[in-house]
Each structure stands twice: as structure tokens, then as C-alpha cells.
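Below: work39.pdb (PDB, C-alpha atoms and all ligand atoms)
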```
MODEL        1
ATOM      1  CA  MET P  48     165.178  62.797 109.730
ATOM      2  CA  PRO P  49     165.151  64.808 106.471
ATOM      3  CA  LEU P  50     168.529  66.214 105.448
ATOM      4  CA  ILE P  51     168.731  69.607 103.717
ATOM      5  CA  PRO P  52     171.460  69.848 101.029
ATOM      6  CA  PHE P  53     174.247  72.123 102.309
ATOM      7  CA  LEU P  54     175.157  73.497  98.855
ATOM      8  CA  LYS P  55     172.848  75.636  96.749
ATOM      9  CA  TRP P  56     173.475  74.456  93.206
ATOM     10  CA  PRO P  57     172.167  75.565  89.805
ATOM     11  CA  GLY P  58     169.393  73.220  88.690
ATOM     12  CA  GLY P  59     168.930  71.908  92.259
ATOM     13  CA  LYS P  60     166.066  69.452  92.659
ATOM     14  CA  ARG P  61     164.725  70.483  96.054
ATOM     15  CA  TRP P  62     161.390  71.212  94.335
ATOM     16  CA  LEU P  63     161.240  67.679  92.915
ATOM     17  CA  VAL P  64     161.612  65.945  96.277
ATOM     18  CA  ALA P  65     159.301  68.458  97.972
ATOM     19  CA  GLN P  66     156.457  68.088  95.478
ATOM     20  CA  HIS P  67     156.970  64.951  93.394
ATOM     21  CA  ALA P  68     158.838  62.397  95.516
ATOM     22  CA  HIS P  69     156.367  59.744  94.311
ATOM     23  CA  VAL P  70     158.283  59.505  90.989
ATOM     24  CA  LEU P  71     161.205  57.870  92.857
ATOM     25  CA  PRO P  72     161.159  54.056  93.227
ATOM     26  CA  PRO P  73     160.421  52.782  96.781
ATOM     27  CA  THR P  74     163.119  50.074  96.803
ATOM     28  CA  TYR P  75     166.389  49.395  94.962
ATOM     29  CA  ASP P  76     169.784  47.850  95.589
ATOM     30  CA  ARG P  77     172.217  50.717  94.958
ATOM     31  CA  TYR P  78     171.491  54.383  94.344
ATOM     32  CA  ILE P  79     173.525  55.948  91.514
ATOM     33  CA  GLU P  80     173.550  59.726  90.919
ATOM     34  CA  PRO P  81     175.971  60.690  88.105
ATOM     35  CA  PHE P  82     175.207  64.466  88.083
ATOM     36  CA  LEU P  83     175.399  65.065  91.818
ATOM     37  CA  GLY P  84     175.402  68.894  92.112
ATOM     38  CA  GLY P  85     173.781  69.796  95.448
ATOM     39  CA  GLY P  86     172.520  66.209  95.821
ATOM     40  CA  SER P  87     168.899  67.050  96.731
ATOM     41  CA  VAL P  88     167.600  63.601  95.823
ATOM     42  CA  PHE P  89     170.495  61.790  97.522
ATOM     43  CA  PHE P  90     169.954  63.703 100.781
ATOM     44  CA  HIS P  91     166.207  63.110 100.549
ATOM     45  CA  LEU P  92     166.477  59.347  99.991
ATOM     46  CA  GLN P  93     169.470  58.723 102.290
ATOM     47  CA  PRO P  94     170.284  55.420 100.563
ATOM     48  CA  GLU P  95     172.204  52.629 102.292
ATOM     49  CA  ARG P  96     174.512  52.186  99.281
ATOM     50  CA  ALA P  97     175.334  54.881  96.753
ATOM     51  CA  LEU P  98     177.644  55.783  93.903
ATOM     52  CA  LEU P  99     177.800  59.560  93.391
ATOM     53  CA  GLY P 100     179.648  61.434  90.668
ATOM     54  CA  ASP P 101     180.114  64.793  89.048
ATOM     55  CA  THR P 102     182.741  66.269  86.707
ATOM     56  CA  ASN P 103     183.217  69.190  89.106
ATOM     57  CA  ARG P 104     186.305  68.401  91.210
ATOM     58  CA  GLU P 105     185.694  71.235  93.716
ATOM     59  CA  LEU P 106     182.215  69.921  94.380
ATOM     60  CA  ILE P 107     183.313  66.320  94.980
ATOM     61  CA  GLY P 108     186.111  67.709  97.175
ATOM     62  CA  VAL P 109     183.507  69.370  99.413
ATOM     63  CA  TYR P 110     181.614  66.081  99.866
ATOM     64  CA  GLU P 111     184.806  64.144 100.632
ATOM     65  CA  THR P 112     185.805  66.748 103.196
ATOM     66  CA  VAL P 113     182.381  66.707 104.863
ATOM     67  CA  ALA P 114     182.611  62.896 105.003
ATOM     68  CA  TRP P 115     186.116  62.613 106.473
ATOM     69  CA  ARG P 116     187.230  66.040 107.819
ATOM     70  CA  ARG P 117     183.955  67.473 109.047
ATOM     71  CA  LYS P 118     185.179  68.995 112.314
ATOM     72  CA  GLN P 119     188.124  70.769 110.688
ATOM     73  CA  LEU P 120     185.767  72.024 107.984
ATOM     74  CA  GLU P 121     183.289  73.376 110.526
ATOM     75  CA  SER P 122     186.016  75.219 112.391
ATOM     76  CA  ARG P 123     187.233  76.810 109.122
ATOM     77  CA  LEU P 124     183.641  77.858 108.359
ATOM     78  CA  LYS P 125     183.350  79.470 111.796
ATOM     79  CA  GLU P 126     186.491  81.440 111.009
ATOM     80  CA  HIS P 127     185.037  82.588 107.666
ATOM     81  CA  GLN P 128     181.883  83.587 109.529
ATOM     82  CA  ARG P 129     183.903  85.708 111.969
ATOM     83  CA  LYS P 130     185.906  87.412 109.225
ATOM     84  CA  HIS P 131     183.156  87.756 106.602
ATOM     85  CA  GLY P 132     182.992  91.103 104.838
ATOM     86  CA  GLN P 133     183.862  92.769 101.530
ATOM     87  CA  ARG P 134     187.645  92.417 101.943
ATOM     88  CA  HIS P 135     187.581  88.846 103.217
ATOM     89  CA  TYR P 136     185.213  87.681 100.450
ATOM     90  CA  TYR P 137     187.411  88.974  97.610
ATOM     91  CA  GLN P 138     190.570  87.766  99.322
ATOM     92  CA  ILE P 139     189.165  84.211  99.574
ATOM     93  CA  ARG P 140     187.763  84.363  96.047
ATOM     94  CA  ALA P 141     191.165  85.340  94.621
ATOM     95  CA  ALA P 142     193.068  82.126  95.370
ATOM     96  CA  ILE P 143     192.315  78.406  95.503
ATOM     97  CA  PRO P 144     194.272  76.833  98.393
ATOM     98  CA  ASP P 145     196.042  73.465  97.997
ATOM     99  CA  ASP P 146     194.850  72.064 101.317
ATOM    100  CA  PRO P 147     191.623  70.088 100.696
ATOM    101  CA  VAL P 148     189.903  71.301 103.896
ATOM    102  CA  GLU P 149     190.713  74.965 103.145
ATOM    103  CA  ARG P 150     189.526  74.398  99.606
ATOM    104  CA  ALA P 151     186.215  72.857 100.639
ATOM    105  CA  ALA P 152     185.653  75.618 103.223
ATOM    106  CA  ARG P 153     186.324  78.210 100.495
ATOM    107  CA  THR P 154     183.765  76.607  98.139
ATOM    108  CA  LEU P 155     181.106  76.436 100.859
ATOM    109  CA  TYR P 156     181.858  79.988 102.065
ATOM    110  CA  LEU P 157     181.595  81.427  98.535
ATOM    111  CA  ASN P 158     178.512  79.324  97.758
ATOM    112  CA  ARG P 159     176.730  80.789 100.776
ATOM    113  CA  THR P 160     177.772  84.417 100.511
ATOM    114  CA  CYS P 161     178.083  85.075  96.765
ATOM    115  CA  PHE P 162     175.595  87.025  94.681
ATOM    116  CA  ASN P 163     172.371  85.005  94.215
ATOM    117  CA  GLY P 164     173.905  82.179  96.271
ATOM    118  CA  MET P 165     174.998  80.242  93.201
ATOM    119  CA  TYR P 166     178.450  78.773  92.724
ATOM    120  CA  ARG P 167     179.097  79.227  89.002
ATOM    121  CA  VAL P 168     182.400  79.242  87.162
ATOM    122  CA  ASN P 169     183.207  81.083  83.945
ATOM    123  CA  HIS P 170     184.438  79.328  80.792
ATOM    124  CA  GLU P 171     188.005  79.357  82.151
ATOM    125  CA  GLY P 172     186.768  77.445  85.181
ATOM    126  CA  GLN P 173     187.224  80.456  87.489
ATOM    127  CA  PHE P 174     184.739  81.478  90.134
ATOM    128  CA  ASN P 175     184.091  85.180  89.549
ATOM    129  CA  VAL P 176     180.686  85.826  91.131
ATOM    130  CA  PRO P 177     180.593  89.071  93.197
ATOM    131  CA  LYS P 178     179.726  89.194  96.882
ATOM    132  CA  GLY P 179     176.009  88.887  97.668
ATOM    133  CA  THR P 180     173.856  90.226 100.478
ATOM    134  CA  LYS P 181     173.618  87.031 102.544
ATOM    135  CA  THR P 182     175.960  86.969 105.510
ATOM    136  CA  ALA P 183     175.297  83.564 107.119
ATOM    137  CA  VAL P 184     178.179  81.154 106.564
ATOM    138  CA  LEU P 185     176.760  78.658 109.063
ATOM    139  CA  LEU P 186     173.050  77.883 108.756
ATOM    140  CA  ASP P 187     170.456  76.574 111.209
ATOM    141  CA  THR P 188     169.665  73.811 108.724
ATOM    142  CA  ASP P 189     173.275  72.512 108.738
ATOM    143  CA  ASP P 190     173.695  68.995 110.043
ATOM    144  CA  PHE P 191     177.200  68.158 108.890
ATOM    145  CA  ALA P 192     177.445  65.207 111.306
ATOM    146  CA  ALA P 193     174.438  63.462 109.742
ATOM    147  CA  ALA P 194     175.590  64.387 106.214
ATOM    148  CA  ALA P 195     179.052  62.956 107.002
ATOM    149  CA  ALA P 196     177.596  59.667 108.238
ATOM    150  CA  LEU P 197     175.526  59.396 105.057
ATOM    151  CA  LEU P 198     178.389  60.371 102.725
ATOM    152  CA  ARG P 199     180.761  57.838 104.306
ATOM    153  CA  ARG P 200     178.415  55.084 103.077
ATOM    154  CA  ALA P 201     178.729  56.392  99.504
ATOM    155  CA  GLU P 202     181.416  56.077  96.868
ATOM    156  CA  LEU P 203     182.305  59.492  95.414
ATOM    157  CA  ARG P 204     183.853  59.970  91.989
ATOM    158  CA  VAL P 205     185.048  62.855  89.835
ATOM    159  CA  SER P 206     183.769  61.406  86.582
ATOM    160  CA  ASP P 207     181.823  61.791  83.434
ATOM    161  CA  PHE P 208     178.341  60.264  83.777
ATOM    162  CA  GLU P 209     178.743  57.426  81.261
ATOM    163  CA  PRO P 210     180.976  54.967  83.171
ATOM    164  CA  LEU P 211     178.813  55.388  86.283
ATOM    165  CA  ILE P 212     175.599  54.581  84.405
ATOM    166  CA  ASP P 213     177.290  51.739  82.512
ATOM    167  CA  GLY P 214     178.304  50.226  85.873
ATOM    168  CA  ALA P 215     174.679  50.076  87.109
ATOM    169  CA  GLU P 216     173.285  46.559  87.489
ATOM    170  CA  GLY P 217     169.744  45.147  87.453
ATOM    171  CA  GLY P 218     168.001  46.223  90.679
ATOM    172  CA  ASP P 219     170.024  49.470  90.979
ATOM    173  CA  PHE P 220     168.410  52.901  90.618
ATOM    174  CA  VAL P 221     169.933  55.708  88.510
ATOM    175  CA  PHE P 222     168.764  59.275  89.094
ATOM    176  CA  ALA P 223     170.140  61.487  86.303
ATOM    177  CA  ASP P 224     169.778  65.265  86.429
ATOM    178  CA  PRO P 225     172.031  66.632  83.664
ATOM    179  CA  PRO P 226     172.617  70.275  82.740
ATOM    180  CA  TYR P 227     169.556  71.264  80.728
ATOM    181  CA  ILE P 228     169.349  72.667  77.253
ATOM    182  CA  THR P 229     168.108  76.242  77.318
ATOM    183  CA  GLY P 230     165.585  77.671  74.870
ATOM    184  CA  HIS P 231     165.924  75.420  71.839
ATOM    185  CA  ALA P 232     168.350  72.613  71.159
ATOM    186  CA  ASP P 233     170.065  74.766  68.538
ATOM    187  CA  ASN P 234     170.077  77.872  70.696
ATOM    188  CA  GLY P 235     172.889  77.385  73.213
ATOM    189  CA  PHE P 236     173.155  75.219  76.311
ATOM    190  CA  VAL P 237     173.229  75.749  80.041
ATOM    191  CA  LYS P 238     176.775  76.616  80.932
ATOM    192  CA  TYR P 239     177.836  76.482  84.572
ATOM    193  CA  ASN P 240     180.862  74.256  84.490
ATOM    194  CA  GLU P 241     184.240  74.240  82.759
ATOM    195  CA  THR P 242     182.784  72.312  79.843
ATOM    196  CA  LEU P 243     179.536  72.629  77.965
ATOM    197  CA  PHE P 244     177.019  69.835  78.003
ATOM    198  CA  LYS P 245     176.455  69.484  74.286
ATOM    199  CA  TRP P 246     173.598  67.988  72.347
ATOM    200  CA  GLU P 247     175.857  64.966  71.660
ATOM    201  CA  ASP P 248     176.125  64.540  75.445
ATOM    202  CA  GLN P 249     172.313  64.513  75.696
ATOM    203  CA  ILE P 250     172.240  61.708  73.090
ATOM    204  CA  ARG P 251     175.068  59.873  74.876
ATOM    205  CA  LEU P 252     173.089  60.132  78.127
ATOM    206  CA  ALA P 253     169.813  58.900  76.611
ATOM    207  CA  ASP P 254     171.685  55.912  75.097
ATOM    208  CA  ALA P 255     173.437  55.061  78.383
ATOM    209  CA  LEU P 256     170.120  55.256  80.270
ATOM    210  CA  ALA P 257     168.427  53.020  77.664
ATOM    211  CA  ARG P 258     171.245  50.438  78.029
ATOM    212  CA  ALA P 259     170.877  50.563  81.824
ATOM    213  CA  ARG P 260     167.084  50.203  81.581
ATOM    214  CA  ASP P 261     167.588  47.130  79.368
ATOM    215  CA  ARG P 262     169.756  45.582  82.131
ATOM    216  CA  GLY P 263     166.881  46.019  84.619
ATOM    217  CA  VAL P 264     168.037  49.291  86.211
ATOM    218  CA  ALA P 265     165.296  51.667  87.443
ATOM    219  CA  VAL P 266     165.746  55.096  85.840
ATOM    220  CA  VAL P 267     164.475  58.559  86.726
ATOM    221  CA  ALA P 268     165.924  61.409  84.668
ATOM    222  CA  THR P 269     164.963  65.045  84.484
ATOM    223  CA  ASN P 270     165.342  67.503  81.642
ATOM    224  CA  ALA P 271     163.798  70.555  80.037
ATOM    225  CA  SER P 272     160.518  69.744  78.347
ATOM    226  CA  HIS P 273     161.520  70.568  74.771
ATOM    227  CA  ARG P 274     160.326  68.699  71.703
ATOM    228  CA  GLU P 275     163.855  67.548  70.839
ATOM    229  CA  VAL P 276     164.427  66.126  74.327
ATOM    230  CA  ARG P 277     161.016  64.447  74.405
ATOM    231  CA  ASN P 278     161.738  62.809  71.011
ATOM    232  CA  LEU P 279     165.106  61.590  72.266
ATOM    233  CA  TYR P 280     163.497  59.602  75.104
ATOM    234  CA  GLU P 281     160.240  58.656  73.363
ATOM    235  CA  GLU P 282     162.245  57.038  70.555
ATOM    236  CA  ARG P 283     164.025  54.923  73.192
ATOM    237  CA  GLY P 284     160.753  53.800  74.807
ATOM    238  CA  PHE P 285     160.860  55.735  78.118
ATOM    239  CA  ALA P 286     157.725  56.970  79.902
ATOM    240  CA  LEU P 287     157.536  60.796  80.017
ATOM    241  CA  THR P 288     155.735  63.047  82.510
ATOM    242  CA  LYS P 289     155.590  66.841  82.301
ATOM    243  CA  LEU P 290     155.838  68.675  85.637
ATOM    244  CA  LYS P 291     155.219  72.370  86.341
ATOM    245  CA  ARG P 292     157.436  74.368  88.660
ATOM    246  CA  TYR P 293     158.466  77.909  89.462
ATOM    247  CA  SER P 294     162.067  78.993  88.941
ATOM    248  CA  SER P 295     163.608  81.878  90.850
ATOM    249  CA  ILE P 296     166.821  82.009  88.751
ATOM    250  CA  SER P 297     165.212  82.207  85.347
ATOM    251  CA  GLY P 298     166.874  85.467  84.316
ATOM    252  CA  LYS P 299     163.401  86.940  83.636
ATOM    253  CA  ALA P 300     162.707  90.544  84.613
ATOM    254  CA  ASN P 301     160.716  89.546  87.709
ATOM    255  CA  GLY P 302     163.170  86.776  88.472
ATOM    256  CA  ARG P 303     160.522  84.062  88.386
ATOM    257  CA  ALA P 304     159.113  81.977  85.598
ATOM    258  CA  HIS P 305     156.722  79.103  85.227
ATOM    259  CA  LEU P 306     158.657  76.255  83.673
ATOM    260  CA  HIS P 307     157.793  72.830  82.432
ATOM    261  CA  GLU P 308     160.238  70.090  83.288
ATOM    262  CA  LEU P 309     160.309  66.595  81.967
ATOM    263  CA  VAL P 310     160.585  63.495  84.127
ATOM    264  CA  ILE P 311     161.758  60.435  82.220
ATOM    265  CA  THR P 312     161.213  57.058  83.885
ATOM    266  CA  ALA P 313     161.708  53.317  83.497
ATOM    267  CA  PRO P 314     160.608  51.033  86.364
ATOM    268  CA  GLY P 315     163.539  48.587  86.401
ATOM    269  CA  ARG P 316     163.642  44.999  87.505
ATOM    270  CA  THR P 317     162.164  43.956  90.829
ATOM    271  CA  ARG P 318     164.900  43.656  93.425
ATOM    272  CA  ARG P 319     166.356  40.170  93.716
ATOM    273  CA  HIS P 320     166.076  40.265  97.508
ATOM    274  CA  SER P 321     162.862  42.252  97.786
ATOM    275  CA  SER P 322     161.766  40.297 100.869
ATOM    276  CA  GLN P 323     164.671  41.769 102.867
ATOM    277  CA  ARG P 324     164.276  45.147 104.452
ATOM    278  CA  PRO P 325     166.638  47.712 102.825
ATOM    279  CA  ARG P 326     168.538  48.312 106.080
ATOM    280  CA  LEU P 327     169.228  44.630 106.725
ATOM    281  CA  ARG P 328     170.248  44.037 103.136
ATOM    282  CA  ALA P 329     172.588  47.017 103.153
ATOM    283  CA  ARG P 330     174.264  45.793 106.330
ATOM    284  CA  LEU P 331     174.879  42.426 104.679
ATOM    285  CA  THR P 332     176.231  43.913 101.455
ATOM    286  CA  SER P 333     178.390  46.532 103.158
ATOM    287  CA  ALA P 334     180.442  43.690 104.614
ATOM    288  CA  SER P 335     181.582  42.818 101.081
ATOM    289  CA  PRO P 336     185.331  43.469 100.621
ATOM    290  CA  SER P 337     184.841  44.874  97.107
ATOM    291  CA  LEU P 338     182.575  47.566  98.507
ATOM    292  CA  LYS P 339     184.940  48.431 101.333
ATOM    293  CA  ARG P 340     187.816  48.785  98.894
ATOM    294  CA  ASN P 341     185.890  51.474  97.042
ATOM    295  CA  ARG P 342     185.204  53.653 100.062
ATOM    296  CA  PRO P 343     186.782  57.096  99.783
ATOM    297  CA  ARG P 344     189.064  57.689 102.749
ATOM    298  CA  PRO P 345     191.265  60.524 101.495
ATOM    299  CA  ASN P 346     193.281  61.052 104.678
ATOM    300  CA  GLY P 347     192.820  58.124 107.019
ATOM    301  CA  PRO P 348     190.035  57.923 109.642
ATOM    302  CA  PRO P 349     187.413  60.677 110.011
ATOM    303  CA  ASP P 350     188.087  63.511 112.458
TER     304      ASP P 350
HETATM  305  C1  LIG I 401     171.580  70.140  87.127
HETATM  306  S1  LIG I 401     173.082  69.935  88.024
HETATM  307  C2  LIG I 401     172.595  68.697  89.181
HETATM  308  C3  LIG I 401     171.783  69.290  90.287
HETATM  309  C4  LIG I 401     171.457  68.320  91.416
HETATM  310  N1  LIG I 401     170.529  67.283  90.987
HETATM  311  C5  LIG I 401     170.910  69.064  92.620
HETATM  312  O1  LIG I 401     169.811  68.735  93.099
HETATM  313  O2  LIG I 401     171.564  69.991  93.092
HETATM  314  C6  LIG I 401     174.090  69.117  86.879
HETATM  315  C7  LIG I 401     175.473  68.695  87.368
HETATM  316  O3  LIG I 401     176.086  67.957  86.311
HETATM  317  C8  LIG I 401     177.484  68.172  86.352
HETATM  318  N2  LIG I 401     178.010  67.777  85.029
HETATM  319  C9  LIG I 401     178.134  68.508  83.891
HETATM  320  N3  LIG I 401     178.603  67.727  82.875
HETATM  321  C10 LIG I 401     178.780  66.482  83.395
HETATM  322  C11 LIG I 401     179.223  65.236  82.836
HETATM  323  N4  LIG I 401     179.588  65.122  81.554
HETATM  324  N5  LIG I 401     179.246  64.148  83.647
HETATM  325  C12 LIG I 401     178.906  64.252  84.965
HETATM  326  N6  LIG I 401     178.487  65.409  85.544
HETATM  327  C13 LIG I 401     178.412  66.503  84.766
HETATM  328  C14 LIG I 401     177.626  69.634  86.724
HETATM  329  O4  LIG I 401     178.884  69.840  87.340
HETATM  330  C15 LIG I 401     176.436  69.832  87.679
HETATM  331  O5  LIG I 401     176.860  69.715  89.024
ENDMDL
END
```
Represent the structure of the file as C-alpha cells.
Amino acid sequence: MPLIPFLKWPGGKRWLVAQHAHVLPPTYDRYIEPFLGGGSVFFHLQPERALLGDTNRELIGVYETVAWRRKQLESRLKEHQRKHGQRHYYQIRAAIPDDPVERAARTLYLNRTCFNGMYRVNHEGQFNVPKGTKTAVLLDTDDFAAAAALLRRAELRVSDFEPLIDGAEGGDFVFADPPYITGHADNGFVKYNETLFKWEDQIRLADALARARDRGVAVVATNASHREVRNLYEERGFALTKLKRYSSISGKANGRAHLHELVITAPGRTRRHSSQRPRLRARLTSASPSLKRNRPRPNGPPD
């Protein structure tokens, strides 16, 4: 059953899985997504084993809560739905609660009801988007039970991308969807987190992906199709494909623009146990104590 991401996130890759899923490798050992955001590719692939990371603590907090405190989260969302309105929105926006479930419910509530449906923070890391026109806090497409089951198989980390990519082994698959450069490389960068993703970070990423590729890791990365970015990956021997898509948050007068995006790939080494079906292999590997140790269980068993 396909799973729809429950967060709408800037740079989301729903379009990639809807139109170009063939760029993703059919088999791999472990799925690694170091710029998780809304997790479109993760929810599309539903891997047996996964390592997921993002520098955004609020975001990772939402996934951990869905995984382990789903029922409490859903009941908080129902409450937000009941109370939703101008006053409630700004009241919830004004303060970040300490309780992780309240916090995750706040992020999801704001994500779904804010202007343009995009959770963005300013340079001080504060969420200051005004209320939007959408009123649905709970959606027909929500399947938190299935998302929880999937997320409990994954390891979640608040982390910079580099250690996650450096931990990938031959046979693993890294999908990397970093913040894009905007306009030209010397003309400012996409900014929707507490820190900017600088040109040096783009170089650091290309180097980490090249090291992973050399260890036999399959790589798919996306980026803006700018000359500087293409050079960065061409110089390191990656295959490049240009894809066309429409963007509805382009900031253009009509709100839509035709954009070119770059897909950067390296095939990776054939899986060591390619004769085993992914499900069987995952069941065998999930019995490994090292894997179990890494499972995020923030507050004991799931509710
Ligand atoms: C383009 S979005 C990913 C979108 C995602 N693929 C989706 O489908 O929704 C990029 C993500 O990278 C995260 N990020 C920014 N700098 C990072 C860093 N240095 N390491 C890891 N994640 C980072 C941001 O918080 C953001 O969630």
C-alpha cells in the first residue's frame, strides 16, 4: 500500500516518486536518507532497514512521536482540529511545549494550517508563518498506524548528513536531497532551516557521496540543475540526468514555474545476498543485536 508523507515540506520529492521512480535502485541492503524532510522517497520505498537523519530537531521529533506515541499524538491532533481558528493558531504558534507529544502535535498542526502549508523557520529558528486558509488538521490520506510501523523499523537521527553517508557500506543505498542553491551559486542559497546550506556544504556532500560510491554504495542525489552543481558531480564521475518539473512554490507571479532538476546517480555494488528476497533478508538482519540497540525508543513501548 502506498504511504503518503504526512508533512508537507519545502523541496518535497513527491513529484520524483510519482513520475521518475525508475531512477531508484530495485534492491539494496539498507536505505539511508540524510536529508529526510517530508520523507517522500522513504514512504514510497518503505524499506525494511533504514537510517534517516535531518538537522531539524522538531522534524525528527515528529517522526519519533509518530513511531512510539502515535495514539496520544492523534488525540492531540483531534483536539487541535476541534479548537482550530485564528486565536488557537496564534496561541499554539507562540510557544514550543516541552512535552514531546505536544511538540510534535504543534509542528503537525502548524504544518497543516499555516499559510501555503509550509513549515519554515526564520534565521532565529522561529516559526513565524501566518495562518493559512486550510482548516483540515486530520486528513483522509493519514495512515499514522502504517507510518508508525514503518518508522519503528528505522533508526532516526538529528544529525548533519556527513556521518550518515560515511557510515554507508557497500550494498546500501543513499538518497540525498539537500537544500538547493537558488539562482546562481554566488547568488544566495535556499534558507528554510536555522543554518544555511553553504556552497562548502555542497562540496562536502559531493565528496561524501563520491567516497560512498567508491565503497560500493548506490547513490541517488537531487539538486538544482546549475552549471556549478553539474561540474561538481561531473568532476567526481557521477552520471547526471536532467528532469523537468513544475513548482507551485516558486515565488513567481503566477506561483508556478517550469524548473529543471538534476538527478545524480551511481549504481553501487550488487547486493551480497541478492538471491534472498528483501523481506526475508531484512527479517534475518533485524535479529542482529547491534541493530536492535540502535532502535529509537524514546519512552518505552509504543502506545
Ligand atoms: C530538500 S529538504 C528534503 C526534502 C525531502 N526529500 C522530502 O521529500 O520532503 C532538505 C532537508 O535537509 C535538511 N538539512 C539542511 N541542512 C542539513 C545538513 N547539514 N545535514 C542534514 N540535513 C540538513 C533540512 O532540514 C531539510 O529538511
Worksheet item: Counting only C-alpha atoms and all ligand atoms, which protein, DNA or RNA residues come within 6 Å of ligand LIG 401 (chain I), given as number ranges by chain?
Response: P: 56-60, 81-87, 101-103, 206-208, 224-226, 240, 244
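The two atoms in question, CA of Asn175 in chain P and CA of Leu198 in chain P, are spaced 28.7 Å apart.
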Fill in: Residue nearest Glu216 in chain P - candidates P:Tyr75, P:Leu287, P:Glu282, P:Ala68, atoms counted: all atoms listed in the file
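Among the listed residues, the smallest separation from Glu216 in chain P belongs to P:Tyr75.
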Practice prompt. Could you list the residues chosen by the PyMOL selection byres (((chain P and resi 268) around 8) and not hetatm) in this structure as a list in words?
Written response: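 This file, filtered by the PyMOL selection byres (((chain P and resi 268) around 8) and not hetatm), leaves Val221, Phe222, Ala223, Asp224, Val266, Val267, Thr269, Asn270, Val310, Ile311 and Thr312 of chain P.
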Give me a file of those residues, with C-alpha atoms, as a PDB file, keeping the file's coordinate frame.
```
ATOM      1  CA  VAL P 221     169.933  55.708  88.510  1.00  0.00           C
ATOM      2  CA  PHE P 222     168.764  59.275  89.094  1.00  0.00           C
ATOM      3  CA  ALA P 223     170.140  61.487  86.303  1.00  0.00           C
ATOM      4  CA  ASP P 224     169.778  65.265  86.429  1.00  0.00           C
ATOM      5  CA  VAL P 266     165.746  55.096  85.840  1.00  0.00           C
ATOM      6  CA  VAL P 267     164.475  58.559  86.726  1.00  0.00           C
ATOM      7  CA  THR P 269     164.963  65.045  84.484  1.00  0.00           C
ATOM      8  CA  ASN P 270     165.342  67.503  81.642  1.00  0.00           C
ATOM      9  CA  VAL P 310     160.585  63.495  84.127  1.00  0.00           C
ATOM     10  CA  ILE P 311     161.758  60.435  82.220  1.00  0.00           C
ATOM     11  CA  THR P 312     161.213  57.058  83.885  1.00  0.00           C
TER      12      THR P 312
END
```
Discussion item. Here is a test: counting all atoms listed in the file, which residue of P:Tyr136, P:Tyr78, P:Phe89, P:Tyr166 is nearest to Arg61 in chain P?
Written reply: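 For Arg61 in chain P, the nearest of the given residues is P:Phe89.
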Practice prompt. Tell me which protein, DNA and RNA residues are within 7 Å of range 179-189 of chain P, counting all atoms listed in the file, leaving out same-chain ones fewer than 2 positions away, and put them as a PyMOL selection string.
Written response: chain P and resi 51+53+124+128+156+159-163+177+191
Generate the output file for the selected residues, C-alpha atoms, as a PDB file, in the coordinates of the input.
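See result23.pdb below for the written result:
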```
ATOM      1  CA  ILE P  51     168.731  69.607 103.717  1.00  0.00           C
ATOM      2  CA  PHE P  53     174.247  72.123 102.309  1.00  0.00           C
ATOM      3  CA  LEU P 124     183.641  77.858 108.359  1.00  0.00           C
ATOM      4  CA  GLN P 128     181.883  83.587 109.529  1.00  0.00           C
ATOM      5  CA  TYR P 156     181.858  79.988 102.065  1.00  0.00           C
ATOM      6  CA  ARG P 159     176.730  80.789 100.776  1.00  0.00           C
ATOM      7  CA  THR P 160     177.772  84.417 100.511  1.00  0.00           C
ATOM      8  CA  CYS P 161     178.083  85.075  96.765  1.00  0.00           C
ATOM      9  CA  PHE P 162     175.595  87.025  94.681  1.00  0.00           C
ATOM     10  CA  ASN P 163     172.371  85.005  94.215  1.00  0.00           C
ATOM     11  CA  PRO P 177     180.593  89.071  93.197  1.00  0.00           C
ATOM     12  CA  PHE P 191     177.200  68.158 108.890  1.00  0.00           C
TER      13      PHE P 191
END
```
Fill in: Coordinates-based distance that separates CA of Leu63 in chain P from CA of Val88 in chain P (Å, one decimal)
8.1 Å
Practice prompt. Can you give me, as number ranges by chain, the residues this file yields under the PyMOL selection byres (((chain P and resi 118) around 12) and not hetatm)?
Written response: P: 112-117, 119-125, 148, 152, 190-192, 195, 349-350
May I have the residues from that selection written out with C-alpha atoms, as an mmCIF file, keeping the file's coordinate frame?
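This went into result_12.cif:
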```cif
data_model
loop_
_atom_site.group_PDB
_atom_site.id
_atom_site.type_symbol
_atom_site.label_atom_id
_atom_site.label_comp_id
_atom_site.auth_asym_id
_atom_site.auth_seq_id
_atom_site.Cartn_x
_atom_site.Cartn_y
_atom_site.Cartn_z
ATOM 1 C CA THR P 112 185.805 66.748 103.196
ATOM 2 C CA VAL P 113 182.381 66.707 104.863
ATOM 3 C CA ALA P 114 182.611 62.896 105.003
ATOM 4 C CA TRP P 115 186.116 62.613 106.473
ATOM 5 C CA ARG P 116 187.230 66.040 107.819
ATOM 6 C CA ARG P 117 183.955 67.473 109.047
ATOM 7 C CA GLN P 119 188.124 70.769 110.688
ATOM 8 C CA LEU P 120 185.767 72.024 107.984
ATOM 9 C CA GLU P 121 183.289 73.376 110.526
ATOM 10 C CA SER P 122 186.016 75.219 112.391
ATOM 11 C CA ARG P 123 187.233 76.810 109.122
ATOM 12 C CA LEU P 124 183.641 77.858 108.359
ATOM 13 C CA LYS P 125 183.350 79.470 111.796
ATOM 14 C CA VAL P 148 189.903 71.301 103.896
ATOM 15 C CA ALA P 152 185.653 75.618 103.223
ATOM 16 C CA ASP P 190 173.695 68.995 110.043
ATOM 17 C CA PHE P 191 177.200 68.158 108.890
ATOM 18 C CA ALA P 192 177.445 65.207 111.306
ATOM 19 C CA ALA P 195 179.052 62.956 107.002
ATOM 20 C CA PRO P 349 187.413 60.677 110.011
ATOM 21 C CA ASP P 350 188.087 63.511 112.458
#
```
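A straight line drawn from CA of Ala97 in chain P to CA of Leu203 in chain P is 8.5 Å long.
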Worksheet item: P:His135, P:Arg140, P:Lys55, P:Arg200: which is nearest Asn158 in chain P, counting all atoms listed in the file?
Response: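 Closest residue, counting all atoms listed in the file: P:Lys55.
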Discussion item. With the PyMOL selection byres (((chain P and resi 72) around 8) and not hetatm) as the selection, what would be picked from this file? Answer as JSON, numbers by chain, please.
Written reply: {"P": [69, 70, 71, 73, 74, 75, 220, 265, 314]}
